[in-house]
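Structure file model_16.txt (compact mmCIF, C-alpha atoms) is printed below.
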# COMPACT_ATOMS: atom_id res chain seq x y z
CA MET A 22 -48.16 117.36 15.86
CA SER A 23 -50.69 119.82 14.38
CA ASP A 24 -50.96 121.50 17.78
CA PHE A 25 -47.16 121.89 17.86
CA PHE A 26 -46.91 123.50 14.40
CA GLY A 27 -49.88 125.65 15.30
CA SER A 28 -48.09 127.00 18.32
CA LYS A 29 -45.84 130.03 18.29
CA LYS A 30 -42.73 127.90 18.74
CA GLY A 31 -43.75 125.59 15.90
CA LYS A 32 -44.36 128.51 13.53
CA ILE A 33 -40.90 129.91 14.29
CA ILE A 34 -39.26 126.53 13.59
CA THR A 35 -41.22 126.25 10.30
CA VAL A 36 -40.04 129.69 9.15
CA ILE A 37 -36.42 128.88 10.07
CA ALA A 38 -36.60 125.58 8.14
CA ALA A 39 -38.02 127.34 5.06
CA LEU A 40 -35.25 129.93 5.19
CA ALA A 41 -32.64 127.18 5.50
CA VAL A 42 -34.01 125.41 2.42
CA ALA A 43 -34.00 128.69 0.45
CA ILE A 44 -30.40 129.37 1.47
CA VAL A 45 -29.33 125.87 0.37
CA ILE A 46 -31.04 126.31 -3.02
CA LEU A 47 -29.43 129.73 -3.49
CA ALA A 48 -26.01 128.32 -2.58
CA ILE A 49 -26.43 125.52 -5.12
CA ILE A 50 -27.30 128.06 -7.81
CA LEU A 51 -24.35 130.29 -6.94
CA LEU A 52 -21.86 127.44 -6.63
CA ARG A 53 -23.06 125.65 -9.74
CA LYS A 54 -20.51 125.59 -12.53
CA PRO A 55 -21.23 128.64 -14.71
CA THR A 56 -22.27 128.05 -18.29
CA TYR A 57 -21.70 130.20 -21.31
CA ARG A 58 -24.20 131.05 -23.96
CA SER A 59 -25.44 128.17 -26.09
CA ILE A 60 -23.40 126.38 -28.76
CA LEU A 61 -25.63 123.92 -30.57
CA VAL A 62 -25.17 121.48 -33.43
CA GLU A 63 -27.60 122.70 -36.07
CA GLN A 64 -27.02 120.06 -38.77
CA VAL A 65 -24.71 117.09 -39.41
CA GLU A 66 -23.96 115.32 -42.66
CA GLY A 67 -21.80 112.20 -42.61
CA THR A 68 -19.68 111.56 -39.53
CA VAL A 69 -18.50 114.24 -37.08
CA SER A 70 -16.67 113.28 -33.86
CA VAL A 71 -16.77 115.35 -30.66
CA VAL A 72 -14.47 114.67 -27.70
CA GLY A 73 -14.68 116.66 -24.47
CA GLU A 74 -15.57 116.63 -20.81
CA SER A 75 -19.29 116.12 -21.46
CA ASN A 76 -19.30 114.85 -25.08
CA ASN A 77 -17.54 111.79 -26.43
CA GLY A 78 -18.82 110.32 -29.68
CA GLU A 79 -20.57 111.22 -32.91
CA ALA A 80 -22.27 114.63 -33.14
CA TYR A 81 -26.03 114.88 -33.75
CA ALA A 82 -28.50 117.67 -34.51
CA GLY A 83 -29.58 119.49 -31.34
CA GLN A 84 -26.48 118.46 -29.38
CA ARG A 85 -24.99 121.08 -27.05
CA LEU A 86 -21.25 121.69 -27.32
CA TYR A 87 -19.00 123.06 -24.58
CA SER A 88 -15.73 124.90 -24.14
CA GLY A 89 -12.85 122.49 -24.60
CA ASP A 90 -14.69 120.21 -27.03
CA ASP A 91 -12.47 118.84 -29.81
CA VAL A 92 -14.34 118.50 -33.12
CA SER A 93 -13.28 116.43 -36.16
CA VAL A 94 -15.30 116.58 -39.39
CA ASN A 95 -14.54 113.41 -41.34
CA ASP A 96 -14.19 112.89 -45.08
CA ALA A 97 -17.39 113.52 -47.12
CA SER A 98 -18.97 115.11 -44.03
CA SER A 99 -19.94 118.58 -42.81
CA LEU A 100 -21.12 120.34 -39.65
CA THR A 101 -23.23 123.44 -39.00
CA MET A 102 -23.16 125.06 -35.53
CA CYS A 103 -25.28 127.86 -34.07
CA MET A 104 -23.84 129.96 -31.23
CA ASP A 105 -25.77 132.53 -29.16
CA ASN A 106 -28.63 132.18 -31.69
CA ASP A 107 -26.95 134.63 -34.11
CA LYS A 108 -23.54 133.18 -34.98
CA TYR A 109 -23.25 130.32 -37.47
CA VAL A 110 -20.27 128.16 -38.41
CA TYR A 111 -20.19 125.76 -41.36
CA ALA A 112 -17.24 123.34 -41.23
CA ASP A 113 -16.28 121.50 -44.42
CA ALA A 114 -15.02 117.92 -44.70
CA ASN A 115 -11.60 117.07 -43.19
CA THR A 116 -11.73 120.01 -40.78
CA HIS A 117 -10.44 119.90 -37.20
CA PHE A 118 -10.91 122.53 -34.48
CA SER A 119 -11.54 123.03 -30.77
CA LEU A 120 -13.89 125.41 -28.97
CA VAL A 121 -12.97 127.98 -26.34
CA ALA A 122 -15.94 129.82 -24.79
CA SER A 123 -16.17 132.10 -21.76
CA SER A 124 -18.36 131.24 -18.80
CA PRO A 125 -20.14 134.53 -17.88
CA ARG A 126 -23.56 134.84 -19.50
CA GLU A 127 -23.31 138.62 -19.78
CA ASP A 128 -20.24 138.40 -22.05
CA SER A 129 -19.94 136.18 -25.12
CA LYS A 130 -16.30 135.36 -25.81
CA ILE A 131 -15.92 132.61 -28.40
CA LYS A 132 -12.73 131.33 -30.02
CA ILE A 133 -12.47 128.63 -32.67
CA VAL A 134 -8.98 127.10 -32.68
CA LEU A 135 -8.67 125.82 -36.26
CA ASP A 136 -5.60 123.77 -37.22
CA ALA A 137 -6.81 121.97 -40.37
CA GLY A 138 -9.54 122.30 -42.99
CA SER A 139 -11.96 125.08 -43.85
CA GLU A 140 -14.88 126.75 -42.08
CA LEU A 141 -17.28 129.59 -42.94
CA ASN A 142 -18.36 132.06 -40.23
CA VAL A 143 -21.55 134.14 -40.36
CA LEU A 144 -22.26 136.69 -37.60
CA LYS A 145 -25.79 138.02 -38.12
CA SER A 146 -25.61 140.66 -35.37
CA LYS A 147 -22.96 143.10 -34.18
CA LEU A 148 -21.13 142.03 -31.05
CA ASN A 149 -21.76 143.77 -27.75
CA PRO A 150 -18.95 145.96 -26.35
CA ASN A 151 -17.67 143.18 -24.06
CA ASP A 152 -18.16 140.34 -26.57
CA SER A 153 -15.46 138.86 -28.79
CA TYR A 154 -15.29 136.34 -31.62
CA GLU A 155 -11.97 134.96 -32.89
CA VAL A 156 -10.71 132.25 -35.22
CA ASP A 157 -7.25 131.15 -34.13
CA THR A 158 -4.95 129.34 -36.60
CA PRO A 159 -1.34 128.18 -36.15
CA ASN A 160 0.09 131.38 -37.67
CA SER A 161 -2.59 134.06 -37.12
CA THR A 162 -5.65 135.18 -35.17
CA MET A 163 -8.75 136.63 -36.89
CA SER A 164 -10.66 139.08 -34.68
CA VAL A 165 -14.05 140.25 -35.97
CA ARG A 166 -17.06 142.34 -35.06
CA GLY A 167 -20.07 141.48 -37.26
CA THR A 168 -19.21 139.77 -40.54
CA THR A 169 -19.14 136.78 -42.88
CA PHE A 170 -15.76 135.25 -43.55
CA ARG A 171 -14.06 131.95 -44.37
CA VAL A 172 -10.79 130.63 -42.91
CA THR A 173 -8.86 127.72 -44.44
CA VAL A 174 -5.74 126.10 -42.93
CA TYR A 175 -3.44 123.70 -44.77
CA THR A 176 0.20 122.59 -44.86
CA GLY A 177 2.09 123.35 -48.08
CA GLU A 178 4.61 121.20 -49.89
CA ASP A 179 7.31 123.41 -48.37
CA GLY A 180 6.29 122.23 -44.89
CA MET A 181 4.94 125.64 -43.85
CA VAL A 182 1.43 126.23 -42.50
CA TYR A 183 -0.80 128.40 -44.69
CA THR A 184 -3.93 130.31 -43.62
CA LEU A 185 -6.31 131.65 -46.29
CA LEU A 186 -8.69 134.43 -45.16
CA GLU A 187 -11.66 135.36 -47.38
CA VAL A 188 -13.93 138.20 -46.19
CA GLU A 189 -17.40 138.31 -47.75
CA GLU A 190 -18.92 140.97 -45.45
CA GLY A 191 -17.72 143.24 -42.65
CA VAL A 192 -14.15 143.67 -41.41
CA VAL A 193 -11.62 141.12 -40.09
CA LEU A 194 -8.42 142.01 -38.21
CA ALA A 195 -5.62 139.49 -38.85
CA ARG A 196 -2.76 139.38 -36.31
CA LEU A 197 0.29 137.30 -37.21
CA LYS A 198 2.07 134.90 -34.85
CA THR A 199 4.47 131.98 -34.99
CA ILE A 200 3.25 128.44 -34.38
CA ASP A 201 4.49 128.59 -30.77
CA GLY A 202 1.96 131.40 -30.14
CA THR A 203 4.31 134.40 -30.21
CA TYR A 204 2.77 137.45 -31.90
CA ASN A 205 5.22 139.44 -34.03
CA GLY A 206 3.28 142.74 -33.96
CA VAL A 207 2.19 142.54 -37.62
CA GLU A 208 -1.56 143.03 -38.11
CA LYS A 209 -3.87 144.25 -40.86
CA GLU A 210 -7.61 144.80 -41.44
CA PHE A 211 -9.36 143.21 -44.40
CA LYS A 212 -12.73 144.43 -45.70
CA ALA A 213 -15.54 142.84 -47.71
CA GLY A 214 -14.35 141.43 -51.02
CA GLU A 215 -10.74 141.11 -49.86
CA SER A 216 -8.65 138.05 -49.09
CA ALA A 217 -5.15 137.32 -47.81
CA LEU A 218 -2.76 134.39 -47.60
CA ILE A 219 -0.56 133.92 -44.51
CA ARG A 220 2.30 131.46 -44.12
CA GLY A 221 4.68 130.66 -41.30
CA ASN A 222 6.37 128.13 -39.06
CA ASP A 223 8.03 128.06 -35.64
CA GLU A 224 10.30 130.99 -36.50
CA PHE A 225 8.20 133.48 -38.51
CA SER A 226 4.77 134.41 -39.88
CA GLU A 227 4.12 136.68 -42.88
CA PHE A 228 1.55 137.81 -45.44
CA VAL A 229 2.17 136.34 -48.90
CA THR A 230 2.21 139.09 -51.53
CA ASP A 231 0.81 138.83 -55.06
CA ASP A 232 2.61 139.47 -58.36
CA GLU A 233 2.52 143.23 -57.74
CA GLY A 234 3.82 142.88 -54.19
CA GLU A 235 0.42 143.62 -52.62
CA ILE A 236 -0.89 141.84 -49.53
CA ILE A 237 -4.58 142.37 -50.26
CA ARG A 238 -6.14 140.20 -52.96
CA HIS A 239 -9.61 140.68 -54.42
CA LEU A 240 -12.07 137.94 -53.55
CA ASP A 241 -13.43 135.92 -56.47
CA TYR A 242 -17.00 135.14 -55.41
CA ASP A 243 -17.41 132.72 -58.34
CA ASN A 244 -14.79 130.41 -56.83
CA LEU A 245 -16.29 130.28 -53.34
CA PRO A 246 -17.69 126.87 -52.26
CA GLU A 247 -21.27 127.22 -53.43
CA ASP A 248 -22.66 124.28 -51.48
CA SER A 249 -21.67 125.59 -48.06
CA VAL A 250 -22.69 129.18 -48.83
CA GLU A 251 -26.08 128.20 -50.23
CA ARG A 252 -26.67 125.84 -47.34
CA LEU A 253 -25.97 128.55 -44.79
CA ILE A 254 -28.13 131.06 -46.64
CA ALA A 255 -31.00 128.58 -46.65
CA LEU A 256 -30.43 127.92 -42.96
CA LEU A 257 -30.27 131.61 -42.01
CA GLU A 258 -33.18 132.82 -44.11
CA ASP A 259 -35.26 129.60 -43.81
CA GLU A 260 -36.07 129.71 -47.52
CA GLU A 261 -37.87 126.44 -48.17
CA LEU A 262 -40.48 125.90 -50.86
CA ASP A 263 -43.72 125.07 -49.00
CA ASP A 264 -47.03 123.74 -50.28
CA GLU A 265 -48.45 127.26 -50.51
CA SER A 266 -45.75 128.46 -52.93
CA GLU A 267 -46.17 125.33 -55.03
CA LYS A 268 -49.91 126.03 -55.20
CA ASP A 269 -49.23 129.59 -56.37
CA ASN A 270 -46.96 128.27 -59.12
CA LEU A 271 -49.62 125.80 -60.27
CA GLU A 272 -52.28 128.54 -60.33
CA GLU A 273 -49.97 130.71 -62.40
CA GLU A 274 -49.46 127.85 -64.86
CA ASP A 275 -53.25 127.32 -65.11
CA THR A 276 -53.78 131.01 -65.81
CA LYS A 277 -51.26 130.90 -68.65
CA VAL A 278 -53.01 127.81 -70.16
CA GLU A 279 -56.43 129.52 -69.96
CA LYS A 280 -55.11 132.62 -71.71
CA THR A 281 -53.63 130.47 -74.48
CA ASP A 282 -56.94 128.60 -74.94
CA ASP A 283 -58.92 131.86 -75.17
CA LYS A 284 -56.50 133.17 -77.76
CA ASP A 285 -56.81 129.98 -79.86
CA LYS A 286 -60.61 130.15 -79.61
CA ALA A 287 -60.69 133.76 -80.80
CA SER A 288 -58.39 132.88 -83.66
CA SER A 289 -60.67 130.01 -84.77
CA GLU A 290 -63.63 132.38 -85.05
CA ASN A 291 -61.97 134.49 -87.79
CA ASP A 292 -63.67 134.52 -91.20
CA SER A 293 -62.55 132.21 -94.00
CA GLU A 294 -60.88 135.04 -95.86
CA GLU A 295 -58.44 135.64 -92.98
CA LYS A 296 -57.83 131.90 -92.82
CA THR A 297 -56.96 131.78 -96.49
CA GLU A 298 -54.61 134.71 -96.17
CA SER A 299 -52.99 133.17 -93.13
CA THR A 300 -52.61 129.85 -94.91
CA GLN A 301 -50.95 131.49 -97.90
CA LYS A 302 -48.53 133.34 -95.64
CA ALA A 303 -47.74 130.16 -93.76
CA THR A 304 -47.10 128.33 -97.03
CA GLU A 305 -44.78 131.07 -98.25
CA LYS A 306 -42.96 131.10 -94.93
CA THR A 307 -42.55 127.31 -94.97
CA THR A 308 -41.21 127.37 -98.52
CA GLU A 309 -38.78 130.15 -97.60
CA LYS A 310 -37.51 128.22 -94.59
CA ALA A 311 -37.11 125.04 -96.63
CA THR A 312 -35.06 126.93 -99.22
CA GLU A 313 -32.89 128.49 -96.50
CA LYS A 314 -32.39 125.11 -94.85
CA THR A 315 -31.36 123.48 -98.15
CA THR A 316 -28.90 126.29 -98.89
CA GLU A 317 -27.49 126.17 -95.37
CA LYS A 318 -27.05 122.38 -95.58
CA SER A 319 -25.24 122.72 -98.91
CA GLU A 320 -22.97 125.44 -97.52
CA LYS A 321 -22.15 123.33 -94.45
CA LYS A 322 -21.27 120.37 -96.66
CA THR A 323 -18.96 122.51 -98.79
CA THR A 324 -17.37 124.08 -95.72
CA LYS A 325 -16.79 120.69 -94.18
CA LYS A 326 -15.00 119.43 -97.27
CA LYS A 327 -12.80 122.51 -97.32
CA SER A 328 -12.13 122.16 -93.61
CA ASP A 329 -11.16 118.49 -93.98
CA LYS A 330 -8.80 119.33 -96.79
CA SER A 331 -7.38 122.26 -94.80
CA ASP A 332 -6.68 120.00 -91.84
CA GLU A 333 -4.77 117.59 -94.08
CA ASP A 334 -2.74 120.39 -95.64
CA THR A 335 -1.94 122.19 -92.34
CA GLU A 336 -1.00 119.21 -90.14
CA HIS A 337 1.87 120.51 -88.02
CA THR A 338 4.16 119.28 -85.27
CA HIS A 339 5.26 122.00 -82.86
CA SER A 340 8.96 122.65 -82.51
CA PHE A 341 9.47 124.94 -79.54
CA GLY A 342 12.56 127.00 -78.95
CA ALA A 343 14.40 127.62 -75.70
CA TRP A 344 12.59 128.87 -72.60
CA GLU A 345 12.70 132.61 -71.98
CA VAL A 346 12.13 134.10 -68.54
CA THR A 347 9.33 136.68 -68.76
CA LYS A 348 9.21 137.39 -65.03
CA ALA A 349 11.92 136.45 -62.56
CA ALA A 350 10.83 134.61 -59.43
CA THR A 351 11.57 136.21 -56.07
CA CYS A 352 11.72 134.77 -52.58
CA THR A 353 7.95 135.06 -52.10
CA VAL A 354 6.47 135.63 -55.58
CA ASP A 355 6.29 133.12 -58.45
CA GLY A 356 7.82 134.03 -61.80
CA SER A 357 7.01 132.87 -65.33
CA LYS A 358 8.71 131.69 -68.52
CA GLN A 359 7.63 130.96 -72.08
CA ARG A 360 8.81 129.33 -75.29
CA LYS A 361 7.56 129.80 -78.84
CA CYS A 362 7.01 127.66 -81.92
CA SER A 363 7.63 128.96 -85.45
CA CYS A 364 3.87 128.73 -86.04
CA GLY A 365 3.23 131.28 -83.31
CA GLU A 366 2.09 128.85 -80.60
CA VAL A 367 3.32 129.89 -77.13
CA GLU A 368 3.73 127.72 -74.06
CA THR A 369 4.02 129.28 -70.60
CA GLU A 370 5.07 127.84 -67.25
CA THR A 371 5.27 129.14 -63.72
CA ILE A 372 8.63 129.48 -62.03
CA PRO A 373 8.06 128.70 -58.33
CA ALA A 374 9.14 131.29 -55.75
CA THR A 375 12.68 130.54 -54.61
CA GLY A 376 12.03 130.98 -50.92
CA HIS A 377 14.39 132.85 -48.63
CA ASN A 378 18.07 131.84 -48.57
CA PHE A 379 19.27 132.95 -45.16
CA GLY A 380 22.95 133.37 -44.32
CA GLU A 381 24.74 132.66 -41.08
CA TRP A 382 23.51 133.92 -37.72
CA THR A 383 25.49 136.90 -36.39
CA ILE A 384 25.37 138.52 -32.97
CA ILE A 385 23.85 142.00 -33.09
CA ILE A 386 23.35 142.45 -29.33
CA PRO A 387 25.95 140.74 -27.10
CA GLN A 388 25.04 139.05 -23.86
CA GLY A 389 25.51 141.22 -20.78
CA CYS A 390 24.43 141.53 -17.22
CA GLU A 391 21.22 143.30 -18.20
CA THR A 392 20.91 142.41 -21.93
CA SER A 393 20.16 139.10 -23.64
CA GLU A 394 22.20 137.98 -26.63
CA VAL A 395 20.31 138.52 -29.89
CA GLN A 396 21.37 137.04 -33.22
CA GLU A 397 20.22 137.96 -36.72
CA ARG A 398 20.45 136.46 -40.17
CA LYS A 399 19.61 138.00 -43.54
CA CYS A 400 18.36 136.61 -46.82
CA THR A 401 21.20 136.59 -49.34
CA ASN A 402 19.01 136.59 -52.45
CA PRO A 403 19.42 139.76 -54.57
CA GLY A 404 16.87 142.45 -53.86
CA CYS A 405 15.54 140.83 -50.67
CA ASP A 406 15.99 142.50 -47.29
CA GLN A 407 14.15 139.92 -45.19
CA THR A 408 15.76 139.33 -41.79
CA GLU A 409 15.13 136.99 -38.86
CA GLN A 410 16.12 137.49 -35.25
CA LYS A 411 16.28 135.20 -32.24
CA THR A 412 17.36 135.42 -28.62
CA THR A 413 20.08 132.86 -27.98
CA LYS A 414 21.23 133.67 -24.44
CA GLU A 415 19.42 135.28 -21.55
CA ALA A 416 20.93 138.19 -19.57
CA LEU A 417 23.62 137.03 -17.11
CA GLY A 418 22.60 139.21 -14.21
CA HIS A 419 25.07 141.17 -12.12
CA HIS A 420 27.80 139.44 -10.09
CA TRP A 421 28.07 141.75 -7.10
CA ILE A 422 31.17 142.14 -4.91
CA ASP A 423 30.17 143.33 -1.44
CA LEU A 424 32.27 146.24 -0.13
CA SER A 425 30.32 146.87 3.06
CA ASN A 426 33.31 145.68 5.12
CA MET A 427 35.78 147.63 2.98
CA PRO A 428 34.33 151.13 2.58
CA THR A 429 35.47 152.83 -0.60
CA THR A 430 34.62 156.36 -1.62
CA GLU A 431 33.51 157.38 -5.15
CA LYS A 432 35.88 160.11 -6.25
CA GLU A 433 33.44 162.02 -8.41
CA SER A 434 30.50 162.07 -5.98
CA GLY A 435 32.19 161.51 -2.66
CA ARG A 436 29.68 158.74 -1.83
CA ILE A 437 30.58 155.35 -0.38
CA ILE A 438 30.50 152.41 -2.82
CA LYS A 439 28.26 149.70 -1.35
CA ARG A 440 29.01 147.02 -3.97
CA TYR A 441 30.11 146.64 -7.57
CA CYS A 442 29.70 144.08 -10.39
CA ASP A 443 32.97 142.44 -11.42
CA ARG A 444 31.51 141.71 -14.91
CA CYS A 445 30.38 145.14 -16.05
CA SER A 446 31.87 147.33 -13.27
CA LYS A 447 28.44 148.75 -12.37
CA LYS A 448 28.46 150.30 -8.87
CA GLU A 449 25.84 150.75 -6.20
CA LEU A 450 26.37 153.74 -3.88
CA GLN A 451 25.06 154.37 -0.41

Mind turning this structure into structure tokens?
Amino acid sequence: MSDFFGSKKGKIITVIAALAVAIVILAIILLRKPTYRSILVEQVEGTVSVVGESNNGEAYAGQRLYSGDDVSVNDASSLTMCMDNDKYVYADANTHFSLVASSPREDSKIKIVLDAGSELNVLKSKLNPNDSYEVDTPNSTMSVRGTTFRVTVYTGEDGMVYTLLEVEEGVVLARLKTIDGTYNGVEKEFKAGESALIRGNDEFSEFVTDDEGEIIRHLDYDNLPEDSVERLIALLEDEELDDESEKDNLEEEDTKVEKTDDKDKASSENDSEEKTESTQKATEKTTEKATEKTTEKSEKKTTKKKSDKSDEDTEHTHSFGAWEVTKAATCTVDGSKQRKCSCGEVETETIPATGHNFGEWTIIIPQGCETSEVQERKCTNPGCDQTEQKTTKEALGHHWIDLSNMPTTEKESGRIIKRYCDRCSKKELQ
């Protein structure tokens, strides 16, 4: 056998076999299912369920997630994900979303399809030219570059789906769509410190305006969920108190104690005359404080008696008058009303937005051979010009009558009419 492989023929066969093995390995690599950049579970609190082609069960730290995975964050639970090593997502309790990620490694295209709950997004680096990052909700799509923003989805008492966008850093482009996925062409950019509320259903999607009719609202950082923000900051910056920092704090405390002891020692070495003077001053100061305390106590007692008597004399039951509208409610903006008591007390209440009151559908574009029937309806509330449109019938298409066996000449042009439509009288000439 060794003589054979040592021969010229044996060496040729060995080289051919090695090449064949290399080709097989290369083919396996090329034909292997492509994978996208990493999506990892960074941290889990409580119970988080993941269902997909490769995952089916409870999530755990270090777990890899894939495109198509369906993620449910249960009650009193939370999830932190890390994508491409520079994109973080913190999902609050009662949040549900699915992942859509592209396969090519050279491009990172990530979409989070969020239909319930709230999640915070932090992109530490700017995206590459061919990269994309989107959060898709039932009534809008948020496209970003490099930013920090929160998206919350919930269903209101009116049955409509609401999306709340809060931008902490960077810029987010919000594009509106109906729940069936049809974009209506309305889009707007929101910068750091701005927020917006979007609502919609199967028929429309719109930005909710504030009391002044503005779409953009200023972000109140004090009302942001502190636990999720602080947790992400700690995760991103890795700010943990280690033994070294604790040691520094202890040394600082010891230094303060030593300084205090030295000061007390120096004070004890003063001559008796300074002690006497200090003692006299301390006695005077103590006497002064005692006098002030006695006076203050006496004044408080007197004030309390007066206050008790005042409360008895001024006991009052409010008698409010009729409600007065201070701001009329519109279709999309809440109003307010108030009523007053004779004592000056004022009660206020919010008047909920009325919502649109649409009239009957009317045909604005009739159905034809080449045109679809389009109907429109308008809100009948005073001062509102909101309209809705829908396509009710598709174009009929032409119904051609063939005249090839009965040549007819067009009078104006002198050309032969090949066929004509008996619905709209359109002609085709040879």

Please return, as a list in words, all polymer residues that have at least one atom within 7 Å of the point (-14.6, 134.6, -41.8); use only C-alpha atoms and the file's own coordinate frame. Leu141, Asn142, Thr169, Phe170, Arg171, Val172, Leu186, Glu187 and Val188 of chain A

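In this structure, atom CA of Pro159 of chain A sits 25.1 Å away from atom CA of Ala80 of chain A.
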
Test item: residues at most 6 Å from segment 85-90 of chain A, only C-alpha atoms, excluding those fewer than 6 positions along its chain, as a list in words: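 Near segment 85-90 of chain A, the qualifying residues are Ile60, Leu61, Val72, Gly73, Ser119, Leu120, Val121 and Ala122 of chain A.
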
Within-10 Å shell of (1.0, 132.8, -40.4) in input frame, all atoms listed in the file, as a PyMOL selection string: chain A and resi 158-162+174+181-185+195-200+204+218-223+225-229

One-decimal distance in Å that lies between atom CA of Arg444 of chain A and atom CA of Thr412 of chain A: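 Atom-to-atom, atom CA of Thr412 of chain A to atom CA of Arg444 of chain A, that is 20.7 Å.
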
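Closest approach to Ser59 of chain A from the set A:Met102, A:Asp96, A:Arg398, A:Gly78 is made by A:Met102, with distances taken over only C-alpha atoms.
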
Asp232 of chain A environment, 10 Å, only C-alpha atoms, sequence neighbours closer than 6 positions dropped, as a ChimeraX atom specification: /A:348,350-351,353-356

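Residues in contact with Tyr154 of chain A at 6 Å, where only C-alpha atoms are counted and same-chain residues fewer than 2 positions away are skipped, are listed as Lys130, Ile131, Lys132 and Val165 of chain A.
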
Give the answer as one residue: which of A:Asp105, A:Glu235, A:Asp91, A:Glu381 has the shortest atom-to-atom distance to His117 of chain A, using all atoms listed in the file? A:Asp91

So how many Å separate atom CA of Thr230 of chain A and atom CA of Tyr175 of chain A, to one decimal?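 For atom CA of Thr230 of chain A relative to atom CA of Tyr175 of chain A, the distance reads 17.7 Å.
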
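Nearest residue to Lys209 of chain A, choosing from A:Gly177, A:Asn426, A:Cys352, A:Met163 and counting all atoms listed in the file: A:Met163.
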
Could segment 224-241 of chain A be completed with N, CA and C atoms and returned as a tab-separated table (two decimals), in the frame of the given file?
chain	number	residue	atom	x	y	z
A	224	GLU	N	9.41	129.84	-36.60
A	224	GLU	CA	10.30	130.99	-36.50
A	224	GLU	C	9.70	132.28	-37.01
A	225	PHE	N	8.75	132.24	-37.96
A	225	PHE	CA	8.20	133.48	-38.51
A	225	PHE	C	6.79	133.26	-39.03
A	226	SER	N	6.11	134.40	-39.27
A	226	SER	CA	4.77	134.41	-39.88
A	226	SER	C	4.68	135.66	-40.73
A	227	GLU	N	4.15	135.53	-41.97
A	227	GLU	CA	4.12	136.68	-42.88
A	227	GLU	C	2.95	136.59	-43.84
A	228	PHE	N	2.53	137.77	-44.37
A	228	PHE	CA	1.55	137.81	-45.44
A	228	PHE	C	2.24	137.50	-46.76
A	229	VAL	N	1.63	136.65	-47.58
A	229	VAL	CA	2.17	136.34	-48.90
A	229	VAL	C	1.67	137.39	-49.88
A	230	THR	N	2.59	138.03	-50.59
A	230	THR	CA	2.21	139.09	-51.53
A	230	THR	C	1.91	138.51	-52.91
A	231	ASP	N	1.14	139.28	-53.71
A	231	ASP	CA	0.81	138.83	-55.06
A	231	ASP	C	1.90	139.27	-56.05
A	232	ASP	N	1.60	139.15	-57.34
A	232	ASP	CA	2.61	139.47	-58.36
A	232	ASP	C	3.05	140.92	-58.31
A	233	GLU	N	2.17	141.81	-57.83
A	233	GLU	CA	2.52	143.23	-57.74
A	233	GLU	C	3.08	143.60	-56.38
A	234	GLY	N	3.28	142.61	-55.52
A	234	GLY	CA	3.82	142.88	-54.19
A	234	GLY	C	2.79	143.34	-53.19
A	235	GLU	N	1.48	143.18	-53.52
A	235	GLU	CA	0.42	143.62	-52.62
A	235	GLU	C	-0.02	142.47	-51.71
A	236	ILE	N	-0.40	142.84	-50.48
A	236	ILE	CA	-0.89	141.84	-49.53
A	236	ILE	C	-2.35	141.51	-49.80
A	237	ILE	N	-3.14	142.55	-50.08
A	237	ILE	CA	-4.58	142.37	-50.26
A	237	ILE	C	-4.86	141.80	-51.65
A	238	ARG	N	-5.70	140.77	-51.70
A	238	ARG	CA	-6.14	140.20	-52.96
A	238	ARG	C	-7.65	140.34	-53.04
A	239	HIS	N	-8.17	140.53	-54.24
A	239	HIS	CA	-9.61	140.68	-54.42
A	239	HIS	C	-10.27	139.31	-54.43
A	240	LEU	N	-11.37	139.20	-53.72
A	240	LEU	CA	-12.07	137.94	-53.55
A	240	LEU	C	-12.87	137.61	-54.80
A	241	ASP	N	-12.68	136.39	-55.31
A	241	ASP	CA	-13.43	135.92	-56.47
A	241	ASP	C	-14.64	135.13	-55.96
